[in-house]
file coords.cif (mmCIF, N, CA and C atoms)
data_entry
loop_
_atom_site.label_atom_id
_atom_site.label_comp_id
_atom_site.auth_asym_id
_atom_site.auth_seq_id
_atom_site.Cartn_x
_atom_site.Cartn_y
_atom_site.Cartn_z
N MET A 100 12.95 36.05 -41.67
CA MET A 100 12.61 36.29 -40.28
C MET A 100 11.27 35.64 -39.93
N ARG A 101 10.33 35.77 -40.85
CA ARG A 101 9.00 35.19 -40.62
C ARG A 101 9.10 33.67 -40.45
N ASN A 102 9.95 33.03 -41.26
CA ASN A 102 10.12 31.58 -41.17
C ASN A 102 10.70 31.17 -39.82
N ILE A 103 11.63 31.95 -39.32
CA ILE A 103 12.22 31.65 -38.01
C ILE A 103 11.15 31.72 -36.92
N ILE A 104 10.31 32.73 -36.98
CA ILE A 104 9.23 32.87 -36.00
C ILE A 104 8.27 31.69 -36.09
N LEU A 105 7.91 31.28 -37.31
CA LEU A 105 7.02 30.14 -37.49
C LEU A 105 7.63 28.85 -36.95
N ILE A 106 8.91 28.66 -37.17
CA ILE A 106 9.59 27.46 -36.65
C ILE A 106 9.57 27.47 -35.13
N CYS A 107 9.87 28.61 -34.54
CA CYS A 107 9.86 28.72 -33.07
C CYS A 107 8.46 28.45 -32.52
N LEU A 108 7.44 29.00 -33.15
CA LEU A 108 6.06 28.76 -32.70
C LEU A 108 5.69 27.28 -32.83
N PHE A 109 6.14 26.63 -33.91
CA PHE A 109 5.85 25.21 -34.11
C PHE A 109 6.45 24.38 -32.97
N PHE A 110 7.74 24.60 -32.67
CA PHE A 110 8.38 23.83 -31.61
C PHE A 110 7.79 24.15 -30.24
N SER A 111 7.36 25.37 -30.02
CA SER A 111 6.70 25.71 -28.76
C SER A 111 5.38 24.97 -28.64
N ALA A 112 4.62 24.91 -29.72
CA ALA A 112 3.34 24.21 -29.70
C ALA A 112 3.53 22.72 -29.48
N VAL A 113 4.53 22.13 -30.12
CA VAL A 113 4.80 20.70 -29.93
C VAL A 113 5.19 20.43 -28.49
N ALA A 114 6.04 21.29 -27.92
CA ALA A 114 6.48 21.09 -26.55
C ALA A 114 5.31 21.20 -25.57
N CYS A 115 4.38 22.09 -25.83
CA CYS A 115 3.25 22.30 -24.92
C CYS A 115 2.18 21.22 -25.04
N THR A 116 2.08 20.60 -26.20
CA THR A 116 1.02 19.61 -26.39
C THR A 116 1.52 18.19 -26.24
N GLY A 117 2.82 18.00 -25.89
CA GLY A 117 3.36 16.66 -25.71
C GLY A 117 2.62 15.91 -24.61
N GLU A 118 2.41 14.62 -24.82
CA GLU A 118 1.69 13.83 -23.83
C GLU A 118 2.51 13.69 -22.57
N SER A 119 1.83 13.64 -21.44
CA SER A 119 2.48 13.48 -20.15
C SER A 119 1.84 12.28 -19.46
N LYS A 120 2.29 11.10 -19.82
CA LYS A 120 1.72 9.88 -19.26
C LYS A 120 2.53 9.43 -18.05
N LYS A 121 1.85 8.82 -17.10
CA LYS A 121 2.54 8.25 -15.95
C LYS A 121 3.25 6.99 -16.39
N THR A 122 4.41 6.74 -15.77
CA THR A 122 5.16 5.52 -16.04
C THR A 122 5.22 4.68 -14.77
N ALA A 123 5.80 3.51 -14.87
CA ALA A 123 5.98 2.65 -13.69
C ALA A 123 6.91 3.31 -12.67
N LEU A 124 7.65 4.31 -13.09
CA LEU A 124 8.57 5.02 -12.19
C LEU A 124 7.93 6.24 -11.53
N GLU A 125 6.69 6.51 -11.80
CA GLU A 125 6.00 7.70 -11.27
C GLU A 125 6.19 7.80 -9.76
N GLY A 126 6.63 8.96 -9.30
CA GLY A 126 6.83 9.18 -7.87
C GLY A 126 8.25 9.60 -7.56
N VAL A 127 8.62 9.48 -6.29
CA VAL A 127 9.95 9.88 -5.84
C VAL A 127 10.68 8.64 -5.31
N TRP A 128 11.92 8.52 -5.69
CA TRP A 128 12.77 7.39 -5.33
C TRP A 128 13.98 7.91 -4.58
N VAL A 129 14.47 7.12 -3.64
CA VAL A 129 15.64 7.52 -2.85
C VAL A 129 16.74 6.48 -3.05
N SER A 130 17.96 6.97 -3.12
CA SER A 130 19.12 6.10 -3.24
C SER A 130 19.16 5.17 -2.03
N ASP A 131 19.29 3.86 -2.27
CA ASP A 131 19.31 2.89 -1.18
C ASP A 131 20.76 2.52 -0.85
N ARG A 132 21.22 3.06 0.27
CA ARG A 132 22.61 2.90 0.67
C ARG A 132 22.97 1.43 0.89
N ALA A 133 22.14 0.70 1.63
CA ALA A 133 22.47 -0.69 1.99
C ALA A 133 22.58 -1.59 0.76
N LEU A 134 21.62 -1.49 -0.14
CA LEU A 134 21.67 -2.33 -1.35
C LEU A 134 22.88 -1.99 -2.21
N THR A 135 23.15 -0.71 -2.37
CA THR A 135 24.27 -0.29 -3.21
C THR A 135 25.60 -0.71 -2.59
N VAL A 136 25.77 -0.45 -1.30
CA VAL A 136 27.03 -0.78 -0.63
C VAL A 136 27.27 -2.29 -0.64
N SER A 137 26.23 -3.07 -0.47
CA SER A 137 26.42 -4.53 -0.46
C SER A 137 26.96 -5.02 -1.80
N HIS A 138 26.71 -4.28 -2.85
CA HIS A 138 27.23 -4.67 -4.16
C HIS A 138 28.64 -4.15 -4.41
N PHE A 139 28.90 -2.88 -4.11
CA PHE A 139 30.20 -2.34 -4.51
C PHE A 139 31.34 -2.68 -3.59
N ARG A 140 31.09 -3.16 -2.42
CA ARG A 140 32.20 -3.55 -1.53
C ARG A 140 33.03 -4.69 -2.12
N GLU A 141 32.40 -5.50 -2.96
CA GLU A 141 33.09 -6.63 -3.57
C GLU A 141 33.79 -6.22 -4.86
N ASN A 142 33.81 -4.97 -5.17
CA ASN A 142 34.30 -4.51 -6.46
C ASN A 142 35.64 -3.80 -6.32
N ASP A 143 36.60 -4.19 -7.14
CA ASP A 143 37.93 -3.58 -7.10
C ASP A 143 38.07 -2.37 -8.01
N ASN A 144 37.06 -2.06 -8.82
CA ASN A 144 37.13 -0.92 -9.75
C ASN A 144 37.01 0.41 -9.05
N LEU A 145 36.48 0.42 -7.84
CA LEU A 145 36.30 1.68 -7.11
C LEU A 145 37.56 2.01 -6.32
N THR A 146 38.03 3.25 -6.46
CA THR A 146 39.15 3.68 -5.64
C THR A 146 38.63 3.99 -4.24
N GLU A 147 39.53 4.13 -3.31
CA GLU A 147 39.13 4.45 -1.94
C GLU A 147 38.44 5.82 -1.88
N LYS A 148 38.89 6.75 -2.73
CA LYS A 148 38.29 8.09 -2.80
C LYS A 148 36.83 7.99 -3.26
N HIS A 149 36.56 7.18 -4.30
CA HIS A 149 35.19 7.00 -4.78
C HIS A 149 34.32 6.33 -3.72
N ARG A 150 34.86 5.32 -3.06
CA ARG A 150 34.09 4.63 -2.00
C ARG A 150 33.71 5.58 -0.88
N LYS A 151 34.66 6.41 -0.46
CA LYS A 151 34.37 7.37 0.61
C LYS A 151 33.27 8.34 0.18
N PHE A 152 33.38 8.86 -1.06
CA PHE A 152 32.36 9.78 -1.56
C PHE A 152 30.99 9.10 -1.55
N LEU A 153 30.91 7.89 -2.07
CA LEU A 153 29.63 7.17 -2.10
C LEU A 153 29.10 6.91 -0.70
N LEU A 154 29.95 6.48 0.19
CA LEU A 154 29.50 6.23 1.57
C LEU A 154 28.95 7.49 2.22
N ASP A 155 29.53 8.64 1.89
CA ASP A 155 29.07 9.92 2.45
C ASP A 155 27.76 10.40 1.83
N HIS A 156 27.45 9.97 0.59
CA HIS A 156 26.30 10.53 -0.13
C HIS A 156 25.17 9.55 -0.43
N LEU A 157 25.43 8.25 -0.37
CA LEU A 157 24.35 7.30 -0.65
C LEU A 157 23.22 7.45 0.37
N GLY A 158 22.01 7.34 -0.11
CA GLY A 158 20.85 7.50 0.76
C GLY A 158 20.34 8.93 0.82
N LYS A 159 21.09 9.86 0.24
CA LYS A 159 20.69 11.27 0.28
C LYS A 159 20.13 11.75 -1.06
N MET A 160 20.40 11.00 -2.14
CA MET A 160 19.94 11.42 -3.47
C MET A 160 18.50 10.99 -3.69
N ARG A 161 17.74 11.86 -4.30
CA ARG A 161 16.35 11.59 -4.67
C ARG A 161 16.21 11.73 -6.18
N VAL A 162 15.32 10.94 -6.76
CA VAL A 162 14.99 11.05 -8.18
C VAL A 162 13.47 11.07 -8.27
N SER A 163 12.92 12.08 -8.92
CA SER A 163 11.47 12.14 -9.08
C SER A 163 11.12 11.93 -10.55
N PHE A 164 10.02 11.25 -10.75
CA PHE A 164 9.45 11.05 -12.08
C PHE A 164 8.00 11.51 -12.00
N ARG A 165 7.67 12.54 -12.74
CA ARG A 165 6.32 13.09 -12.77
C ARG A 165 5.94 13.34 -14.22
N GLY A 166 4.98 12.53 -14.72
CA GLY A 166 4.62 12.64 -16.13
C GLY A 166 5.81 12.26 -16.98
N ASN A 167 6.26 13.20 -17.82
CA ASN A 167 7.42 12.93 -18.67
C ASN A 167 8.62 13.79 -18.26
N GLN A 168 8.70 14.12 -16.96
CA GLN A 168 9.80 14.91 -16.44
C GLN A 168 10.45 14.19 -15.26
N SER A 169 11.75 14.34 -15.16
CA SER A 169 12.51 13.76 -14.06
C SER A 169 13.40 14.83 -13.45
N ARG A 170 13.64 14.71 -12.16
CA ARG A 170 14.56 15.61 -11.46
C ARG A 170 15.43 14.79 -10.53
N VAL A 171 16.69 15.16 -10.42
CA VAL A 171 17.62 14.53 -9.48
C VAL A 171 18.01 15.60 -8.47
N PHE A 172 17.87 15.29 -7.17
CA PHE A 172 18.17 16.28 -6.15
C PHE A 172 18.57 15.57 -4.86
N PHE A 173 19.17 16.30 -3.95
CA PHE A 173 19.57 15.74 -2.67
C PHE A 173 18.57 16.13 -1.59
N GLU A 174 18.61 15.42 -0.47
CA GLU A 174 17.60 15.59 0.57
C GLU A 174 17.49 17.00 1.11
N ASP A 175 18.56 17.78 1.04
CA ASP A 175 18.52 19.14 1.58
C ASP A 175 18.17 20.20 0.53
N ILE A 176 17.75 19.75 -0.65
CA ILE A 176 17.35 20.66 -1.73
C ILE A 176 15.89 20.40 -2.07
N LYS A 177 15.13 21.44 -2.29
CA LYS A 177 13.74 21.28 -2.69
C LYS A 177 13.67 20.80 -4.14
N GLU A 178 12.77 19.87 -4.40
CA GLU A 178 12.61 19.33 -5.75
C GLU A 178 12.34 20.43 -6.77
N SER A 179 11.53 21.41 -6.39
CA SER A 179 11.14 22.48 -7.33
C SER A 179 12.31 23.39 -7.70
N GLU A 180 13.42 23.32 -6.96
CA GLU A 180 14.58 24.16 -7.24
C GLU A 180 15.49 23.57 -8.31
N VAL A 181 15.18 22.35 -8.76
CA VAL A 181 16.04 21.66 -9.71
C VAL A 181 15.37 21.63 -11.07
N GLU A 182 16.17 21.88 -12.12
CA GLU A 182 15.63 21.88 -13.47
C GLU A 182 15.20 20.47 -13.87
N ALA A 183 14.06 20.37 -14.50
CA ALA A 183 13.52 19.08 -14.93
C ALA A 183 14.19 18.63 -16.22
N ILE A 184 14.32 17.32 -16.35
CA ILE A 184 14.83 16.70 -17.57
C ILE A 184 13.64 15.98 -18.22
N GLN A 185 13.42 16.23 -19.50
CA GLN A 185 12.35 15.58 -20.23
C GLN A 185 12.77 14.14 -20.57
N PHE A 186 11.80 13.22 -20.56
CA PHE A 186 12.12 11.86 -20.98
C PHE A 186 10.94 11.25 -21.70
N GLU A 187 11.23 10.18 -22.43
CA GLU A 187 10.19 9.37 -23.04
C GLU A 187 10.57 7.91 -22.85
N VAL A 188 9.57 7.07 -22.69
CA VAL A 188 9.81 5.64 -22.52
C VAL A 188 10.12 5.04 -23.89
N VAL A 189 11.25 4.34 -23.97
CA VAL A 189 11.65 3.67 -25.21
C VAL A 189 11.20 2.21 -25.16
N VAL A 190 11.48 1.54 -24.03
CA VAL A 190 11.10 0.14 -23.81
C VAL A 190 10.69 0.00 -22.36
N SER A 191 9.64 -0.76 -22.10
CA SER A 191 9.22 -1.04 -20.74
C SER A 191 8.75 -2.49 -20.68
N ASN A 192 9.36 -3.27 -19.78
CA ASN A 192 8.94 -4.66 -19.58
C ASN A 192 9.17 -5.05 -18.13
N GLN A 193 9.04 -6.32 -17.80
CA GLN A 193 9.16 -6.76 -16.41
C GLN A 193 10.59 -6.73 -15.88
N ASP A 194 11.58 -6.63 -16.77
CA ASP A 194 12.98 -6.63 -16.35
C ASP A 194 13.59 -5.23 -16.26
N TYR A 195 13.14 -4.33 -17.11
CA TYR A 195 13.73 -2.99 -17.13
C TYR A 195 12.82 -2.01 -17.86
N ILE A 196 13.17 -0.72 -17.69
CA ILE A 196 12.51 0.34 -18.43
C ILE A 196 13.61 1.26 -18.96
N ASP A 197 13.62 1.47 -20.26
CA ASP A 197 14.60 2.36 -20.90
C ASP A 197 13.95 3.72 -21.12
N LEU A 198 14.64 4.77 -20.66
CA LEU A 198 14.15 6.13 -20.83
C LEU A 198 15.14 6.92 -21.68
N LYS A 199 14.61 7.59 -22.68
CA LYS A 199 15.42 8.52 -23.48
C LYS A 199 15.33 9.86 -22.77
N MET A 200 16.42 10.27 -22.16
CA MET A 200 16.47 11.49 -21.37
C MET A 200 17.00 12.63 -22.24
N SER A 201 16.28 13.76 -22.25
CA SER A 201 16.67 14.91 -23.07
C SER A 201 16.88 16.13 -22.20
N GLN A 202 18.12 16.61 -22.17
CA GLN A 202 18.41 17.83 -21.42
C GLN A 202 18.27 19.06 -22.29
N SER A 203 18.29 18.85 -23.59
CA SER A 203 18.09 19.96 -24.52
C SER A 203 17.53 19.38 -25.81
N PHE A 204 17.19 20.24 -26.72
CA PHE A 204 16.64 19.80 -28.00
C PHE A 204 17.65 18.97 -28.78
N PHE A 205 18.95 19.23 -28.57
CA PHE A 205 19.99 18.57 -29.36
C PHE A 205 20.70 17.44 -28.63
N GLU A 206 20.47 17.27 -27.35
CA GLU A 206 21.24 16.31 -26.56
C GLU A 206 20.32 15.36 -25.81
N SER A 207 20.54 14.05 -26.00
CA SER A 207 19.77 13.06 -25.26
C SER A 207 20.58 11.77 -25.14
N ASN A 208 20.22 10.96 -24.16
CA ASN A 208 20.82 9.64 -24.02
C ASN A 208 19.79 8.69 -23.41
N THR A 209 19.98 7.40 -23.65
CA THR A 209 19.05 6.41 -23.14
C THR A 209 19.63 5.77 -21.89
N VAL A 210 18.82 5.70 -20.84
CA VAL A 210 19.24 5.15 -19.55
C VAL A 210 18.34 3.96 -19.22
N ARG A 211 18.97 2.83 -18.91
CA ARG A 211 18.22 1.62 -18.55
C ARG A 211 18.08 1.54 -17.04
N HIS A 212 16.84 1.41 -16.58
CA HIS A 212 16.49 1.25 -15.16
C HIS A 212 16.07 -0.21 -14.99
N HIS A 213 16.91 -1.01 -14.33
CA HIS A 213 16.65 -2.44 -14.12
C HIS A 213 15.78 -2.63 -12.88
N TRP A 214 14.73 -3.42 -12.99
CA TRP A 214 13.87 -3.69 -11.83
C TRP A 214 14.55 -4.69 -10.90
N ALA A 215 14.43 -4.44 -9.60
CA ALA A 215 14.93 -5.33 -8.56
C ALA A 215 13.89 -5.34 -7.45
N GLY A 216 12.85 -6.17 -7.59
CA GLY A 216 11.74 -6.16 -6.65
C GLY A 216 10.98 -4.85 -6.77
N ASP A 217 10.77 -4.15 -5.65
CA ASP A 217 10.08 -2.86 -5.65
C ASP A 217 11.01 -1.71 -6.02
N CYS A 218 12.28 -2.00 -6.16
CA CYS A 218 13.29 -0.98 -6.43
C CYS A 218 13.79 -1.10 -7.87
N TYR A 219 14.64 -0.18 -8.26
CA TYR A 219 15.34 -0.29 -9.53
C TYR A 219 16.80 0.04 -9.29
N TYR A 220 17.65 -0.37 -10.23
CA TYR A 220 19.06 0.01 -10.13
C TYR A 220 19.57 0.49 -11.48
N LEU A 221 20.59 1.34 -11.40
CA LEU A 221 21.31 1.82 -12.57
C LEU A 221 22.68 1.14 -12.55
N ASN A 222 23.07 0.57 -13.65
CA ASN A 222 24.36 -0.10 -13.74
C ASN A 222 25.42 0.96 -14.04
N ILE A 223 26.25 1.28 -13.05
CA ILE A 223 27.30 2.29 -13.20
C ILE A 223 28.56 1.58 -13.70
N GLU A 224 28.61 1.40 -15.00
CA GLU A 224 29.66 0.58 -15.61
C GLU A 224 31.06 1.13 -15.40
N ALA A 225 31.23 2.43 -15.43
CA ALA A 225 32.57 3.02 -15.30
C ALA A 225 33.25 2.61 -13.99
N TYR A 226 32.46 2.42 -12.94
CA TYR A 226 33.01 2.06 -11.64
C TYR A 226 32.62 0.65 -11.20
N GLY A 227 31.87 -0.04 -12.04
CA GLY A 227 31.58 -1.45 -11.79
C GLY A 227 30.65 -1.73 -10.62
N TYR A 228 29.62 -0.92 -10.41
CA TYR A 228 28.65 -1.21 -9.36
C TYR A 228 27.26 -0.83 -9.83
N LYS A 229 26.28 -1.22 -9.04
CA LYS A 229 24.88 -0.89 -9.32
C LYS A 229 24.39 0.04 -8.23
N GLU A 230 23.76 1.15 -8.64
CA GLU A 230 23.18 2.05 -7.64
C GLU A 230 21.69 1.81 -7.59
N TYR A 231 21.21 1.46 -6.40
CA TYR A 231 19.81 1.10 -6.20
C TYR A 231 19.00 2.30 -5.71
N PHE A 232 17.76 2.36 -6.18
CA PHE A 232 16.80 3.39 -5.75
C PHE A 232 15.50 2.69 -5.41
N CYS A 233 14.92 3.07 -4.27
CA CYS A 233 13.65 2.49 -3.84
C CYS A 233 12.63 3.61 -3.66
N PRO A 234 11.35 3.29 -3.82
CA PRO A 234 10.33 4.34 -3.73
C PRO A 234 10.18 4.87 -2.31
N ILE A 235 9.90 6.16 -2.24
CA ILE A 235 9.57 6.76 -0.95
C ILE A 235 8.06 6.62 -0.80
N ASN A 236 7.64 5.87 0.18
CA ASN A 236 6.20 5.63 0.39
C ASN A 236 5.69 6.45 1.55
N ASN A 237 4.58 7.13 1.32
CA ASN A 237 3.86 7.86 2.37
C ASN A 237 4.73 8.86 3.14
N GLN A 238 5.67 9.47 2.44
CA GLN A 238 6.49 10.50 3.06
C GLN A 238 6.32 11.78 2.27
N LYS A 239 6.22 12.87 2.97
CA LYS A 239 6.11 14.17 2.29
C LYS A 239 7.51 14.72 2.09
N LEU A 240 7.76 15.17 0.87
CA LEU A 240 9.04 15.82 0.57
C LEU A 240 8.83 17.31 0.44
N LYS A 241 9.90 18.06 0.62
CA LYS A 241 9.87 19.51 0.38
C LYS A 241 9.70 19.72 -1.12
N LYS A 242 8.67 20.42 -1.53
CA LYS A 242 8.46 20.67 -2.97
C LYS A 242 8.75 22.10 -3.31
#
call {"tool": "encode", "arguments": {"input": "coords.cif", "output": "structure tokens"}}
result
Amino acid sequence: MRNIILICLFFSAVACTGESKKTALEGVWVSDRALTVSHFRENDNLTEKHRKFLLDHLGKMRVSFRGNQSRVFFEDIKESEVEAIQFEVVVSNQDYIDLKMSQSFFESNTVRHHWAGDCYYLNIEAYGYKEYFCPINNQKLKK
């Protein structure tokens, strides 16, 4: 029992003392409907049902990066109401930034964020399109 308590205390201490550095993604990003739609309209991998869903929801999704935490939320939800996902930078260069995203101690995956000017995109391979996100500048969000 004592060993279990010591292990729990160790992992709690590591979690609390982890570095929280700003990344190039620091801030809040919004899904860019125009950029995304201009790409997927030429794609035959999307069904009409998927296209309708995307057309109804693009431009409403927000992604925040603060320190080593990220949150995904929609415009009608407060950022603070969404559980944060921990991440660490694996690779960062002028073309992309790879983040190892961890939703739990046992589960993680690496996501590549490709730079496109001031924006970035995620390559949604299953449906054959790129979803673009651009920074929200000088706008206050509900926190």
call {"tool": "select_by_dssp", "arguments": {"input": "coords.cif", "residues": "segment 125-223 of chain A", "states": "helix (DSSP H, G or I)", "output": "list in words"}}
result
Arg132, Ala133, Leu134, Thr135, Val136, Ser137, His138, Phe139, Glu147, Lys148, His149, Arg150, Lys151, Phe152, Leu153, Leu154, Asp155, His156, Glu178, Ser179 and Glu180 of chain A
call {"tool": "residues_near_point", "arguments": {"input": "coords.cif", "point": "(15.7, 8.9, -3.0)", "cutoff": "8 Å", "atoms": "only C-alpha atoms", "output": "list in words"}}
result
Val127, Trp128, Val129, Ser130, Asp131, Gly158, Lys159, Met160, Arg161, Val162, Phe173, Glu174, Phe232, Cys233, Pro234 and Ile235 of chain A
call {"tool": "resolve_selection", "arguments": {"input": "coords.cif", "expression": "the PyMOL selection byres ((chain A and resi 165) around 7)", "output": "PDB file with N, CA and C atoms, in the coordinates of the input"}}
result
ATOM      1  N   SER A 119       1.830  13.640 -21.440  1.00  0.00           N
ATOM      2  CA  SER A 119       2.480  13.480 -20.150  1.00  0.00           C
ATOM      3  C   SER A 119       1.840  12.280 -19.460  1.00  0.00           C
ATOM      4  N   LYS A 120       2.290  11.100 -19.820  1.00  0.00           N
ATOM      5  CA  LYS A 120       1.720   9.880 -19.260  1.00  0.00           C
ATOM      6  C   LYS A 120       2.530   9.430 -18.050  1.00  0.00           C
ATOM      7  N   LYS A 121       1.850   8.820 -17.100  1.00  0.00           N
ATOM      8  CA  LYS A 121       2.540   8.250 -15.950  1.00  0.00           C
ATOM      9  C   LYS A 121       3.250   6.990 -16.390  1.00  0.00           C
ATOM     10  N   THR A 122       4.410   6.740 -15.770  1.00  0.00           N
ATOM     11  CA  THR A 122       5.160   5.520 -16.040  1.00  0.00           C
ATOM     12  C   THR A 122       5.220   4.680 -14.770  1.00  0.00           C
ATOM     13  N   LEU A 124       7.650   4.310 -13.090  1.00  0.00           N
ATOM     14  CA  LEU A 124       8.570   5.020 -12.190  1.00  0.00           C
ATOM     15  C   LEU A 124       7.930   6.240 -11.530  1.00  0.00           C
ATOM     16  N   GLU A 125       6.690   6.510 -11.800  1.00  0.00           N
ATOM     17  CA  GLU A 125       6.000   7.700 -11.270  1.00  0.00           C
ATOM     18  C   GLU A 125       6.190   7.800  -9.760  1.00  0.00           C
ATOM     19  N   GLY A 126       6.630   8.960  -9.300  1.00  0.00           N
ATOM     20  CA  GLY A 126       6.830   9.180  -7.870  1.00  0.00           C
ATOM     21  C   GLY A 126       8.250   9.600  -7.560  1.00  0.00           C
ATOM     22  N   SER A 163      12.920  12.080  -8.920  1.00  0.00           N
ATOM     23  CA  SER A 163      11.470  12.140  -9.080  1.00  0.00           C
ATOM     24  C   SER A 163      11.120  11.930 -10.550  1.00  0.00           C
ATOM     25  N   PHE A 164      10.020  11.250 -10.750  1.00  0.00           N
ATOM     26  CA  PHE A 164       9.450  11.050 -12.080  1.00  0.00           C
ATOM     27  C   PHE A 164       8.000  11.510 -12.000  1.00  0.00           C
ATOM     28  N   GLY A 166       4.980  12.530 -14.720  1.00  0.00           N
ATOM     29  CA  GLY A 166       4.620  12.640 -16.130  1.00  0.00           C
ATOM     30  C   GLY A 166       5.810  12.260 -16.980  1.00  0.00           C
ATOM     31  N   ASN A 167       6.260  13.200 -17.820  1.00  0.00           N
ATOM     32  CA  ASN A 167       7.420  12.930 -18.670  1.00  0.00           C
ATOM     33  C   ASN A 167       8.620  13.790 -18.260  1.00  0.00           C
ATOM     34  N   GLN A 168       8.700  14.120 -16.960  1.00  0.00           N
ATOM     35  CA  GLN A 168       9.800  14.910 -16.440  1.00  0.00           C
ATOM     36  C   GLN A 168      10.450  14.190 -15.260  1.00  0.00           C
ATOM     37  N   SER A 169      11.750  14.340 -15.160  1.00  0.00           N
ATOM     38  CA  SER A 169      12.510  13.760 -14.060  1.00  0.00           C
ATOM     39  C   SER A 169      13.400  14.830 -13.450  1.00  0.00           C
ATOM     40  N   ARG A 170      13.640  14.710 -12.160  1.00  0.00           N
ATOM     41  CA  ARG A 170      14.560  15.610 -11.460  1.00  0.00           C
ATOM     42  C   ARG A 170      15.430  14.790 -10.530  1.00  0.00           C
TER      43      ARG A 170
END
call {"tool": "residues_around", "arguments": {"input": "coords.cif", "residues": "segment 132-148 of chain A", "least_positions_apart": "3", "cutoff": "6.5 Å", "atoms": "all atoms listed in the file", "output": "PyMOL selection string"}}
result
chain A and resi 151-153+157-158+226-231
call {"tool": "closest_residue", "arguments": {"input": "coords.cif", "among": "A:Glu187, A:Asp194, A:His149, A:Gln202", "to": "Trp214 of chain A", "atoms": "all atoms listed in the file"}}
result
A:Asp194
call {"tool": "atom_distance", "arguments": {"input": "coords.cif", "atom1": "atom N of Ser203 of chain A", "atom2": "atom C of Phe186 of chain A"}}
result
10.7 Å
call {"tool": "closest_residue", "arguments": {"input": "coords.cif", "among": "A:Glu206, A:Asp175, A:Glu180, A:Asp217", "to": "Gln193 of chain A", "atoms": "only C-alpha atoms"}}
result
A:Asp217
call {"tool": "atom_distance", "arguments": {"input": "coords.cif", "atom1": "atom CA of Arg211 of chain A", "atom2": "atom CA of Leu198 of chain A"}}
result
6.5 Å
call {"tool": "atom_distance", "arguments": {"input": "coords.cif", "atom1": "atom CA of Val171 of chain A", "atom2": "atom CA of Ala183 of chain A"}}
result
8.2 Å
call {"tool": "closest_residue", "arguments": {"input": "coords.cif", "among": "A:Leu221, A:His213, A:Asn208, A:Glu182", "to": "Ile196 of chain A", "atoms": "all atoms listed in the file"}}
result
A:His213
